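This is protein-v2.cif (mmCIF, C-alpha atoms).
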data_protein
loop_
_atom_site.label_atom_id
_atom_site.label_comp_id
_atom_site.auth_asym_id
_atom_site.auth_seq_id
_atom_site.Cartn_x
_atom_site.Cartn_y
_atom_site.Cartn_z
CA MET A 27 165.36 -22.69 20.94
CA GLU A 28 165.97 -25.86 22.84
CA SER A 29 169.35 -27.63 22.43
CA ARG A 30 169.75 -31.21 21.30
CA GLY A 31 170.46 -32.35 24.88
CA HIS A 32 167.24 -30.91 26.11
CA VAL A 33 165.34 -32.58 23.31
CA SER A 34 166.99 -35.94 24.10
CA GLN A 35 166.05 -35.68 27.80
CA ALA A 36 162.47 -34.75 26.84
CA LEU A 37 162.02 -37.93 24.77
CA PRO A 38 160.75 -41.11 26.33
CA THR A 39 163.50 -43.56 27.33
CA LYS A 40 162.63 -46.11 24.70
CA TYR A 41 163.17 -43.51 21.90
CA ARG A 42 166.46 -42.08 23.10
CA ALA A 43 168.57 -44.70 21.29
CA ASP A 44 166.73 -43.97 18.09
CA TYR A 45 167.36 -40.27 18.62
CA LYS A 46 171.08 -40.82 18.93
CA SER A 47 171.13 -42.80 15.72
CA CYS A 48 169.27 -39.98 13.86
CA SER A 49 171.33 -37.13 15.24
CA GLN A 50 173.74 -35.79 12.66
CA SER A 51 176.48 -33.26 13.04
CA LEU A 52 175.32 -30.80 10.39
CA PRO A 53 176.71 -27.31 9.87
CA LEU A 54 173.24 -25.78 10.27
CA ASP A 55 172.56 -27.65 13.54
CA ILE A 56 169.34 -29.03 12.12
CA LEU A 57 167.71 -31.55 14.41
CA TRP A 58 166.22 -34.82 13.19
CA LEU A 59 163.81 -37.08 15.04
CA PRO A 60 163.00 -40.65 14.24
CA ARG A 61 159.55 -41.43 12.97
CA SER A 62 159.37 -43.97 15.73
CA ALA A 63 158.78 -41.00 17.99
CA PHE A 64 155.43 -40.74 16.26
CA ARG A 65 154.90 -44.35 15.36
CA PRO A 66 156.88 -47.59 15.83
CA ALA A 67 159.91 -47.95 13.50
CA ASP A 68 163.18 -49.87 13.15
CA GLY A 69 165.30 -46.76 13.62
CA ASP A 70 166.67 -46.50 10.10
CA LEU A 71 168.00 -43.05 9.16
CA ALA A 72 165.50 -42.87 6.30
CA ASP A 73 162.78 -43.01 8.89
CA CYS A 74 164.03 -39.80 10.56
CA VAL A 75 162.06 -36.57 10.04
CA LEU A 76 163.00 -32.91 10.45
CA VAL A 77 161.24 -31.40 13.46
CA VAL A 78 162.86 -28.17 14.64
CA GLY A 79 165.29 -25.75 13.22
CA VAL A 80 168.22 -23.65 14.00
CA SER A 81 169.94 -23.10 17.26
CA ARG A 82 171.99 -20.08 16.07
CA PRO A 83 170.04 -16.79 16.39
CA LYS A 84 171.68 -14.91 13.45
CA LEU A 85 171.10 -17.78 11.06
CA ALA A 86 167.53 -18.12 12.32
CA ALA A 87 166.95 -14.42 11.65
CA ALA A 88 168.39 -14.74 8.14
CA LEU A 89 166.15 -17.68 7.32
CA LEU A 90 163.14 -15.83 8.71
CA SER A 91 163.96 -12.79 6.55
CA VAL A 92 164.25 -14.96 3.44
CA THR A 93 160.93 -16.59 4.26
CA LEU A 94 159.16 -13.24 4.77
CA LEU A 95 160.67 -11.82 1.56
CA SER A 96 159.48 -14.85 -0.37
CA LEU A 97 155.97 -14.41 1.03
CA PHE A 98 156.02 -10.70 0.16
CA LEU A 99 157.12 -11.35 -3.43
CA THR A 100 154.47 -14.06 -3.78
CA PHE A 101 151.68 -11.77 -2.59
CA HIS A 102 153.00 -8.90 -4.76
CA VAL A 103 152.89 -11.09 -7.88
CA LEU A 104 149.36 -12.20 -7.03
CA TYR A 105 148.27 -8.60 -6.41
CA ASP A 106 149.79 -7.35 -9.70
CA SER A 107 148.13 -10.18 -11.58
CA ALA A 108 144.71 -9.35 -10.08
CA LEU A 109 145.19 -5.62 -10.75
CA TYR A 110 146.24 -6.28 -14.33
CA SER A 111 143.14 -8.43 -14.92
CA ILE A 112 140.84 -5.70 -13.56
CA GLN A 113 142.60 -3.06 -15.65
CA ALA A 114 142.38 -5.17 -18.79
CA ALA A 115 138.64 -5.70 -18.23
CA SER A 116 138.15 -1.94 -17.72
CA ILE A 117 140.01 -1.06 -20.90
CA ALA A 118 138.11 -3.69 -22.85
CA SER A 119 134.87 -2.06 -21.69
CA ALA A 120 136.18 1.35 -22.75
CA ALA A 121 137.08 -0.09 -26.13
CA SER A 122 133.54 -1.35 -26.63
CA GLU A 123 132.14 2.07 -25.80
CA GLY A 124 134.75 3.74 -27.99
CA ARG A 125 133.69 1.75 -31.03
CA LYS A 126 130.18 3.12 -30.68
CA ILE A 127 131.45 6.68 -30.56
CA LEU A 128 134.06 6.32 -33.29
CA GLN A 129 132.20 4.25 -35.85
CA ASN A 130 134.52 5.28 -38.63
CA GLN A 131 137.70 4.39 -36.78
CA GLU A 132 139.56 1.34 -38.00
CA SER A 133 138.78 -1.59 -35.68
CA SER A 134 140.04 -4.62 -37.55
CA ARG A 135 143.59 -4.69 -36.15
CA THR A 136 144.51 -7.27 -33.54
CA ILE A 137 145.60 -5.73 -30.27
CA SER A 138 148.29 -7.86 -28.70
CA HIS A 139 148.11 -6.12 -25.32
CA PRO A 140 145.16 -4.35 -23.66
CA MET A 141 147.28 -1.28 -22.93
CA ALA A 142 147.84 -0.82 -26.66
CA LEU A 143 144.18 0.19 -27.02
CA ARG A 144 144.67 3.17 -24.76
CA LYS A 145 147.24 4.57 -27.18
CA ARG A 146 144.97 4.03 -30.19
CA LEU A 147 141.69 5.18 -28.68
CA LYS A 148 141.21 8.94 -29.13
CA ILE A 149 138.39 10.71 -27.37
CA PRO A 150 136.46 12.61 -30.08
CA ARG A 151 136.26 16.35 -29.76
CA ALA A 152 132.90 18.07 -29.99
CA PRO A 153 132.46 19.36 -33.58
CA ARG A 154 132.91 23.09 -33.95
CA PRO A 155 131.36 25.21 -36.71
CA VAL A 156 133.63 27.25 -38.97
CA ARG A 157 133.16 29.71 -41.83
CA ARG A 158 133.59 28.04 -45.18
CA LEU A 159 133.68 29.34 -48.72
CA PRO A 160 130.42 28.48 -50.49
CA GLN A 161 130.10 25.09 -52.15
CA ALA A 162 127.09 26.30 -54.16
CA LEU A 163 126.07 29.63 -55.68
CA ILE A 164 122.75 30.98 -56.90
CA ILE A 165 124.07 33.04 -59.81
CA GLY A 166 120.77 34.48 -61.07
CA VAL A 167 118.64 35.53 -62.73
CA ARG A 168 117.44 38.81 -61.25
CA LYS A 169 113.65 38.90 -60.59
CA CYS A 170 113.30 35.16 -61.13
CA GLY A 171 112.97 34.13 -57.48
CA THR A 172 116.56 33.94 -56.25
CA ARG A 173 115.62 35.05 -52.72
CA ALA A 174 112.67 32.66 -52.55
CA LEU A 175 114.89 29.81 -53.74
CA LEU A 176 117.54 30.56 -51.12
CA GLU A 177 115.00 30.70 -48.29
CA MET A 178 113.40 27.44 -49.44
CA LEU A 179 116.75 25.66 -49.52
CA TYR A 180 117.49 27.00 -46.04
CA LEU A 181 114.68 24.78 -44.77
CA HIS A 182 117.07 21.87 -45.25
CA PRO A 183 119.07 21.08 -42.08
CA MET A 184 122.26 20.57 -44.08
CA VAL A 185 122.17 24.00 -45.74
CA GLN A 186 123.57 27.27 -44.40
CA LYS A 187 123.09 30.54 -46.27
CA ALA A 188 124.81 33.88 -46.45
CA SER A 189 122.47 36.46 -44.99
CA GLY A 190 122.68 38.95 -47.85
CA GLU A 191 123.98 39.45 -51.36
CA VAL A 192 127.73 39.67 -50.92
CA HIS A 193 128.57 40.77 -54.50
CA PHE A 194 132.10 39.45 -54.17
CA PHE A 195 132.71 38.29 -57.73
CA ASP A 196 130.92 41.06 -59.62
CA ARG A 197 132.27 44.12 -57.81
CA ASP A 198 135.95 44.87 -58.26
CA GLU A 199 136.27 46.68 -54.93
CA ASN A 200 134.99 43.61 -53.08
CA TYR A 201 136.97 41.09 -55.13
CA ALA A 202 140.16 43.02 -54.37
CA LEU A 203 139.63 42.29 -50.67
CA GLY A 204 140.39 38.60 -51.26
CA LEU A 205 138.90 35.23 -50.38
CA GLU A 206 139.41 35.61 -46.65
CA TRP A 207 137.18 38.67 -46.68
CA TYR A 208 134.63 36.67 -48.67
CA ARG A 209 134.88 33.79 -46.18
CA SER A 210 134.22 36.21 -43.30
CA LYS A 211 130.85 37.00 -44.90
CA MET A 212 129.81 33.35 -44.85
CA PRO A 213 127.78 31.75 -42.05
CA LEU A 214 129.16 29.27 -39.55
CA SER A 215 128.63 25.70 -40.68
CA PHE A 216 129.44 22.19 -39.53
CA LYS A 217 131.32 19.63 -41.56
CA GLY A 218 128.99 18.09 -44.14
CA GLN A 219 126.76 21.14 -44.42
CA ILE A 220 126.58 23.14 -47.65
CA THR A 221 127.07 26.91 -47.65
CA ILE A 222 125.13 28.79 -50.33
CA GLU A 223 125.43 32.42 -51.39
CA LYS A 224 123.34 34.25 -53.94
CA SER A 225 123.98 37.42 -55.93
CA PRO A 226 121.81 37.61 -59.08
CA SER A 227 124.15 39.98 -60.90
CA TYR A 228 126.78 37.22 -61.04
CA PHE A 229 124.98 35.79 -64.08
CA VAL A 230 125.30 38.88 -66.29
CA THR A 231 128.78 40.12 -65.23
CA PRO A 232 131.47 39.01 -67.73
CA GLU A 233 134.34 38.54 -65.23
CA VAL A 234 132.44 36.38 -62.78
CA PRO A 235 132.71 32.86 -64.30
CA GLU A 236 136.52 32.89 -64.29
CA ARG A 237 136.63 34.37 -60.80
CA VAL A 238 134.29 31.72 -59.46
CA ARG A 239 136.37 28.95 -61.00
CA ALA A 240 139.51 30.40 -59.41
CA MET A 241 137.81 30.00 -56.03
CA ASN A 242 136.43 26.49 -56.57
CA SER A 243 136.35 24.71 -59.91
CA SER A 244 133.87 22.12 -58.58
CA VAL A 245 131.34 24.61 -57.18
CA ARG A 246 127.67 23.86 -57.86
CA LEU A 247 125.79 26.59 -59.74
CA LEU A 248 122.05 27.21 -59.55
CA LEU A 249 120.43 29.30 -62.29
CA ILE A 250 116.76 30.13 -61.78
CA VAL A 251 114.87 31.56 -64.77
CA ARG A 252 111.33 32.65 -65.58
CA GLU A 253 109.41 33.35 -68.77
CA PRO A 254 111.41 36.28 -70.24
CA VAL A 255 108.56 38.78 -70.74
CA THR A 256 107.17 38.20 -67.23
CA ARG A 257 110.68 38.66 -65.83
CA ALA A 258 111.18 41.92 -67.77
CA ILE A 259 107.90 43.36 -66.46
CA SER A 260 108.82 42.35 -62.90
CA ASP A 261 112.21 44.03 -63.31
CA TYR A 262 110.54 47.21 -64.54
CA THR A 263 108.13 47.12 -61.58
CA GLN A 264 110.99 46.95 -59.09
CA LEU A 265 112.95 49.73 -60.77
CA ARG A 266 109.89 51.98 -60.73
CA SER A 267 109.22 51.26 -57.04
CA ARG A 268 112.79 52.16 -56.10
CA ALA A 269 112.85 55.44 -58.01
CA THR A 270 112.89 58.58 -55.91
CA PRO A 271 109.98 60.92 -56.69
CA SER A 272 111.26 63.72 -58.85
CA ALA A 273 110.74 67.36 -58.21
CA PRO A 274 107.76 68.89 -60.03
CA ALA A 275 110.10 70.96 -62.18
CA LEU A 276 111.48 67.81 -63.76
CA PHE A 277 108.04 67.04 -65.17
CA SER A 278 107.64 70.46 -66.68
CA PRO A 279 107.84 70.96 -70.43
CA GLY A 280 111.39 70.73 -71.72
CA HIS A 281 112.48 68.12 -69.14
CA PRO A 282 112.34 64.48 -70.26
CA LEU A 283 110.64 62.00 -67.96
CA PRO A 284 112.94 59.60 -66.07
CA ASP A 285 112.65 55.97 -67.17
CA ALA A 286 110.99 55.01 -63.89
CA ALA A 287 108.14 57.37 -64.65
CA LYS A 288 107.57 56.09 -68.18
CA PRO A 289 105.18 53.25 -69.01
CA PHE A 290 106.76 49.86 -69.66
CA GLU A 291 105.51 49.91 -73.26
CA HIS A 292 107.45 53.10 -74.03
CA LEU A 293 110.65 51.63 -72.64
CA ALA A 294 110.42 48.17 -74.18
CA ILE A 295 109.41 49.35 -77.66
CA THR A 296 111.26 52.04 -79.60
CA PRO A 297 109.34 54.83 -81.36
CA ASP A 298 109.79 53.02 -84.68
CA GLY A 299 108.14 49.89 -83.23
CA ALA A 300 111.30 47.74 -82.72
CA ILE A 301 112.17 45.88 -79.56
CA ASN A 302 114.49 47.99 -77.39
CA VAL A 303 117.20 45.43 -76.62
CA ALA A 304 119.27 48.19 -75.00
CA TYR A 305 116.67 48.48 -72.22
CA ARG A 306 118.14 46.62 -69.26
CA PRO A 307 115.05 44.56 -68.28
CA ILE A 308 114.81 43.30 -71.89
CA ALA A 309 118.55 42.66 -72.23
CA ILE A 310 118.77 40.52 -69.08
CA SER A 311 115.95 38.29 -70.38
CA LEU A 312 118.19 37.22 -73.27
CA TYR A 313 119.48 34.33 -71.15
CA HIS A 314 121.56 32.61 -73.83
CA ALA A 315 123.72 35.72 -74.26
CA TYR A 316 125.11 35.24 -70.74
CA LEU A 317 124.89 31.48 -70.27
CA HIS A 318 127.36 30.71 -73.04
CA ARG A 319 130.11 32.48 -71.05
CA TRP A 320 129.45 30.20 -68.08
CA LEU A 321 129.51 27.10 -70.26
CA GLU A 322 132.91 28.12 -71.61
CA VAL A 323 134.25 27.87 -68.04
CA PHE A 324 132.12 25.20 -66.34
CA PRO A 325 130.80 21.85 -67.62
CA ARG A 326 127.05 21.67 -68.16
CA GLU A 327 126.58 19.14 -65.32
CA GLN A 328 127.74 21.74 -62.77
CA ILE A 329 124.89 24.09 -63.67
CA LEU A 330 121.30 23.29 -62.70
CA VAL A 331 118.57 25.32 -64.40
CA VAL A 332 115.62 25.86 -62.05
CA ASN A 333 112.22 26.69 -63.52
CA GLY A 334 111.16 29.73 -61.53
CA ASP A 335 107.59 29.68 -62.80
CA GLN A 336 107.12 26.11 -61.56
CA LEU A 337 108.87 26.93 -58.28
CA ILE A 338 106.18 29.53 -57.62
CA GLU A 339 103.31 27.21 -58.57
CA ASP A 340 104.57 24.03 -56.87
CA PRO A 341 107.92 24.30 -55.04
CA VAL A 342 108.48 20.69 -54.00
CA PRO A 343 109.33 19.04 -57.38
CA GLN A 344 111.91 21.71 -58.18
CA LEU A 345 113.42 21.45 -54.70
CA ARG A 346 113.71 17.68 -55.05
CA ARG A 347 115.80 18.22 -58.19
CA ILE A 348 118.01 20.68 -56.35
CA GLU A 349 118.51 18.39 -53.35
CA LYS A 350 119.65 15.64 -55.69
CA PHE A 351 121.92 18.05 -57.58
CA LEU A 352 123.57 19.16 -54.33
CA GLY A 353 123.92 15.60 -53.03
CA LEU A 354 121.50 16.19 -50.16
CA GLU A 355 119.04 13.77 -48.63
CA HIS A 356 115.42 14.63 -49.44
CA LYS A 357 114.17 16.61 -46.45
CA ILE A 358 112.01 19.43 -47.84
CA GLY A 359 108.41 18.38 -48.47
CA ARG A 360 104.88 19.73 -48.69
CA LYS A 361 104.75 20.00 -44.91
CA ASN A 362 107.17 22.93 -45.27
CA PHE A 363 104.79 25.13 -47.31
CA TYR A 364 101.37 26.71 -47.08
CA PHE A 365 99.62 28.90 -49.62
CA ASN A 366 99.04 32.49 -48.58
CA GLU A 367 95.80 33.64 -50.20
CA THR A 368 96.54 37.29 -49.54
CA LYS A 369 99.98 37.29 -51.14
CA GLY A 370 99.09 34.74 -53.79
CA PHE A 371 102.14 32.52 -53.33
CA TYR A 372 103.56 29.89 -51.02
CA CYS A 373 105.06 30.76 -47.65
CA LEU A 374 107.53 28.68 -45.67
CA ARG A 375 107.01 26.58 -42.57
CA ASN A 376 109.45 24.67 -40.37
CA ASP A 377 109.17 22.97 -36.99
CA THR A 378 109.07 26.22 -35.04
CA THR A 379 107.73 29.04 -37.19
CA ASP A 380 106.04 30.22 -40.39
CA LYS A 381 107.66 32.73 -42.71
CA CYS A 382 106.68 34.69 -45.81
CA LEU A 383 108.98 36.75 -47.97
CA ARG A 384 109.08 40.50 -47.53
CA GLU A 385 106.29 42.74 -48.77
CA THR A 386 108.49 43.79 -51.68
CA LYS A 387 108.47 40.21 -52.96
CA GLY A 388 105.57 39.28 -55.17
CA ARG A 389 104.47 42.87 -55.70
CA LYS A 390 101.64 43.42 -58.15
CA HIS A 391 102.71 44.14 -61.73
CA PRO A 392 101.29 47.08 -63.66
CA ARG A 393 98.93 46.34 -66.53
CA VAL A 394 100.82 46.07 -69.83
CA ASP A 395 99.19 46.36 -73.24
CA PRO A 396 98.49 42.75 -74.40
CA ALA A 397 99.64 43.67 -77.92
CA VAL A 398 103.05 44.62 -76.50
CA VAL A 399 103.23 41.39 -74.50
CA THR A 400 102.47 39.38 -77.66
CA LYS A 401 105.06 41.32 -79.65
CA LEU A 402 107.70 40.70 -77.02
CA ARG A 403 106.95 36.98 -76.77
CA LYS A 404 107.29 36.57 -80.51
CA PHE A 405 110.60 38.41 -80.35
CA PHE A 406 111.89 36.05 -77.66
CA VAL A 407 110.96 32.84 -79.48
CA GLN A 408 114.29 32.47 -81.28
CA HIS A 409 116.26 33.61 -78.24
CA ASN A 410 114.44 31.15 -76.01
CA GLN A 411 115.20 28.36 -78.46
CA ARG A 412 118.91 29.16 -78.32
CA PHE A 413 118.67 28.99 -74.53
CA TYR A 414 116.85 25.63 -74.72
CA ASP A 415 119.63 24.30 -76.95
CA LEU A 416 122.29 25.34 -74.43
CA VAL A 417 120.56 23.76 -71.42
CA GLY A 418 119.19 20.73 -73.28
CA GLU A 419 115.65 21.36 -72.09
CA ASP A 420 112.53 22.99 -73.53
CA LEU A 421 110.92 25.05 -70.77
CA GLY A 422 107.70 25.52 -72.75
CA TRP A 423 107.43 29.30 -72.55
CA PRO A 424 104.54 30.84 -74.53
CA GLU A 425 105.30 32.13 -78.01
CA ASP A 426 102.47 34.65 -78.41
#

Could you write out this structure as structure tokens?
Amino acid sequence: MESRGHVSQALPTKYRADYKSCSQSLPLDILWLPRSAFRPADGDLADCVLVVGVSRPKLAAALLSVTLLSLFLTFHVLYDSALYSIQAASIASAASEGRKILQNQESSRTISHPMALRKRLKIPRAPRPVRRLPQALIIGVRKCGTRALLEMLYLHPMVQKASGEVHFFDRDENYALGLEWYRSKMPLSFKGQITIEKSPSYFVTPEVPERVRAMNSSVRLLLIVREPVTRAISDYTQLRSRATPSAPALFSPGHPLPDAAKPFEHLAITPDGAINVAYRPIAISLYHAYLHRWLEVFPREQILVVNGDQLIEDPVPQLRRIEKFLGLEHKIGRKNFYFNETKGFYCLRNDTTDKCLRETKGRKHPRVDPAVVTKLRKFFVQHNQRFYDLVGEDLGWPED
């Protein structure tokens, strides 16, 4: 840098006196020039302005370093501020999208800092299906349409069904395997779906009500019934179809005929003309004898009685009742059924396929003597009334 002497010689002659009056002996060797060097002035010290700086190289370097550091810090603060604003806007956008995904997440709290949202916002995991113990059971009755009912309910998107009859509660060897074994037999289901299992023998097995309550005291129970005489004849028909043909010797004189080979009338009526209540198809049709055990364990509102005869004739009204009972939205309608003229009953239809029950379902009943049918219906009148009293509903079954 130029010294003060050089500066003085460089000034015009008329300003040199003013320069001498402005020059100060300062420790930093800072040079002052009079304003008169730029415009006319009286030469007062107040009219002097600072023009050039330091004549000492080390001090000049120090001042330059301080200046550069100040500039760096200034730009760093500005950069951080801009970056923070961009980051805050990005997180705010993520928060808006997160509220759409997590509609149930609490969103009423005030967030004092945008970064706080990142700690609160959790990316939802894709739901995974698991095996759950059933929330509903079809407990019976045998030959009243339990399979048809299960398949119809499976049309609902919020229902999952066990593929077969598990017989967990009615068979000691299965019950001894424990609930985890039972759970392993259940289908995969998502949260909110209802798992249903059906085993018709649950209804007539004495130990089952208590065992079911031990699993889930709030389980929903579906009991499907049909007119008792029709059910008994259907039961007989199935038993006869399952019987293995006997060797010819068994039909020879001196060998009694197996029950499956006997006519229904001979099995349902004793030789003295009384009703054979020991015959299994007749005994199971005495619904009140089994229902009272369930009502000793479960409140009436946890058991829905489904009219199996009406389910066959017109499925939709009965299914609407069941959907309401299970807390499901009404989804199953007439679009899900079509009448099969060959089989004589309704088949199922969903968005992708049609389905009828197996050939063994809806098999033709043998002809039964009308006098025997009338006798049986009269016998069941009092028993049906006791059942009506238990369920609080008259199902209107014929009395003769």

Tell me, counting all atoms listed in the file, for each residue of range 207-264 of chain A within 12 Å of range 320-340 of chain A, which pair of atoms is nearest and how far apart they are in Å to one decimal, in rows ordered by chain and increasing number, as a Markdown table.
| residue | atom | partner | partner_atom | distance |
| --- | --- | --- | --- | --- |
| A:Tyr228 | CA | A:Trp320 | CA | 10.3 |
| A:Phe229 | CA | A:Trp320 | CA | 8.2 |
| A:Val230 | CA | A:Trp320 | CA | 9.8 |
| A:Thr231 | CA | A:Trp320 | CA | 10.3 |
| A:Pro232 | CA | A:Trp320 | CA | 9.0 |
| A:Glu233 | CA | A:Trp320 | CA | 10.1 |
| A:Val234 | CA | A:Trp320 | CA | 8.7 |
| A:Pro235 | CA | A:Trp320 | CA | 5.7 |
| A:Glu236 | CA | A:Val323 | CA | 6.7 |
| A:Arg237 | CA | A:Val323 | CA | 10.0 |
| A:Val238 | CA | A:Val323 | CA | 9.4 |
| A:Arg239 | CA | A:Val323 | CA | 7.4 |
| A:Ala240 | CA | A:Val323 | CA | 10.4 |
| A:Asn242 | CA | A:Phe324 | CA | 10.8 |
| A:Ser243 | CA | A:Phe324 | CA | 7.7 |
| A:Ser244 | CA | A:Gln328 | CA | 7.4 |
| A:Val245 | CA | A:Gln328 | CA | 7.2 |
| A:Arg246 | CA | A:Gln328 | CA | 5.3 |
| A:Leu247 | CA | A:Ile329 | CA | 4.7 |
| A:Leu248 | CA | A:Leu330 | CA | 5.1 |
| A:Leu249 | CA | A:Val331 | CA | 4.9 |
| A:Ile250 | CA | A:Val332 | CA | 4.4 |
| A:Val251 | CA | A:Gly334 | CA | 5.3 |
| A:Arg252 | CA | A:Gly334 | CA | 5.0 |
| A:Glu253 | CA | A:Asp335 | CA | 7.2 |
| A:Pro254 | CA | A:Asp335 | CA | 10.7 |
| A:Thr256 | CA | A:Asp335 | CA | 9.6 |
| A:Arg257 | CA | A:Gly334 | CA | 9.9 |

Within 12 Å of Ala304 in chain A using all atoms listed in the file, minus same-chain residues under 6 positions, as JSON, numbers by chain: {"A": [293, 294, 295, 296, 310, 311, 312]}

Looking at A:Val255, A:Leu159, A:Ile164, A:Ile358, which one is nearest to Pro343 in chain A, with distances taken over only C-alpha atoms? A:Ile358

CA of Ile220 in chain A to CA of Ala202 in chain A, distance in Å rounded to a single decimal: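 These two atoms are separated by 25.0 Å.
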
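Interatomic distance, CA of Arg168 in chain A to CA of Leu317 in chain A: 13.8 Å.
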
Pick out the closest residue to Gln264 in chain A from this set: A:Lys390, A:Gly166, A:Ile308, A:Ala174. Count only C-alpha atoms.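 Result for the nearest residue to Gln264 in chain A: A:Lys390.
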
Which residues match the PyMOL selection byres ((chain A and resi 393) around 12) in the file above, as a PDB file with C-alpha atoms, in the frame of the given file?
ATOM      1  CA  THR A 256     107.170  38.200 -67.230  1.00  0.00           C
ATOM      2  CA  ILE A 259     107.900  43.360 -66.460  1.00  0.00           C
ATOM      3  CA  SER A 260     108.820  42.350 -62.900  1.00  0.00           C
ATOM      4  CA  TYR A 262     110.540  47.210 -64.540  1.00  0.00           C
ATOM      5  CA  THR A 263     108.130  47.120 -61.580  1.00  0.00           C
ATOM      6  CA  PRO A 289     105.180  53.250 -69.010  1.00  0.00           C
ATOM      7  CA  PHE A 290     106.760  49.860 -69.660  1.00  0.00           C
ATOM      8  CA  GLU A 291     105.510  49.910 -73.260  1.00  0.00           C
ATOM      9  CA  LYS A 390     101.640  43.420 -58.150  1.00  0.00           C
ATOM     10  CA  HIS A 391     102.710  44.140 -61.730  1.00  0.00           C
ATOM     11  CA  PRO A 392     101.290  47.080 -63.660  1.00  0.00           C
ATOM     12  CA  VAL A 394     100.820  46.070 -69.830  1.00  0.00           C
ATOM     13  CA  ASP A 395      99.190  46.360 -73.240  1.00  0.00           C
ATOM     14  CA  PRO A 396      98.490  42.750 -74.400  1.00  0.00           C
ATOM     15  CA  ALA A 397      99.640  43.670 -77.920  1.00  0.00           C
ATOM     16  CA  VAL A 398     103.050  44.620 -76.500  1.00  0.00           C
ATOM     17  CA  VAL A 399     103.230  41.390 -74.500  1.00  0.00           C
TER      18      VAL A 399
END

Give me, please, the distance in Å between CA of Lys217 in chain A and CA of Cys382 in chain A, quoted to one decimal.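 Taking CA of Lys217 in chain A and CA of Cys382 in chain A, their separation equals 29.2 Å.
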
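Residue nearest Ile165 in chain A, chosen from A:Leu345, A:Leu374, A:Ile222, A:Leu402 and counting all atoms listed in the file: A:Ile222.
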
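Here the PyMOL selection byres ((chain A and resi 176-189) around 7) matches the residues Thr172, Arg173, Ala174, Leu175, Gly190, Lys211, Met212, Pro213, Ser215, Gln219, Ile220, Thr221, Ile222, Glu223, Lys357, Ile358 and Asn376 of chain A.
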
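Point (139.3, 33.0, -42.1) has the following residues at most 10 Å away: Val156, Arg157, Arg158, Leu159, Leu205, Glu206, Trp207, Tyr208, Arg209, Ser210, Lys211 and Met212 of chain A (atoms considered: all atoms listed in the file).
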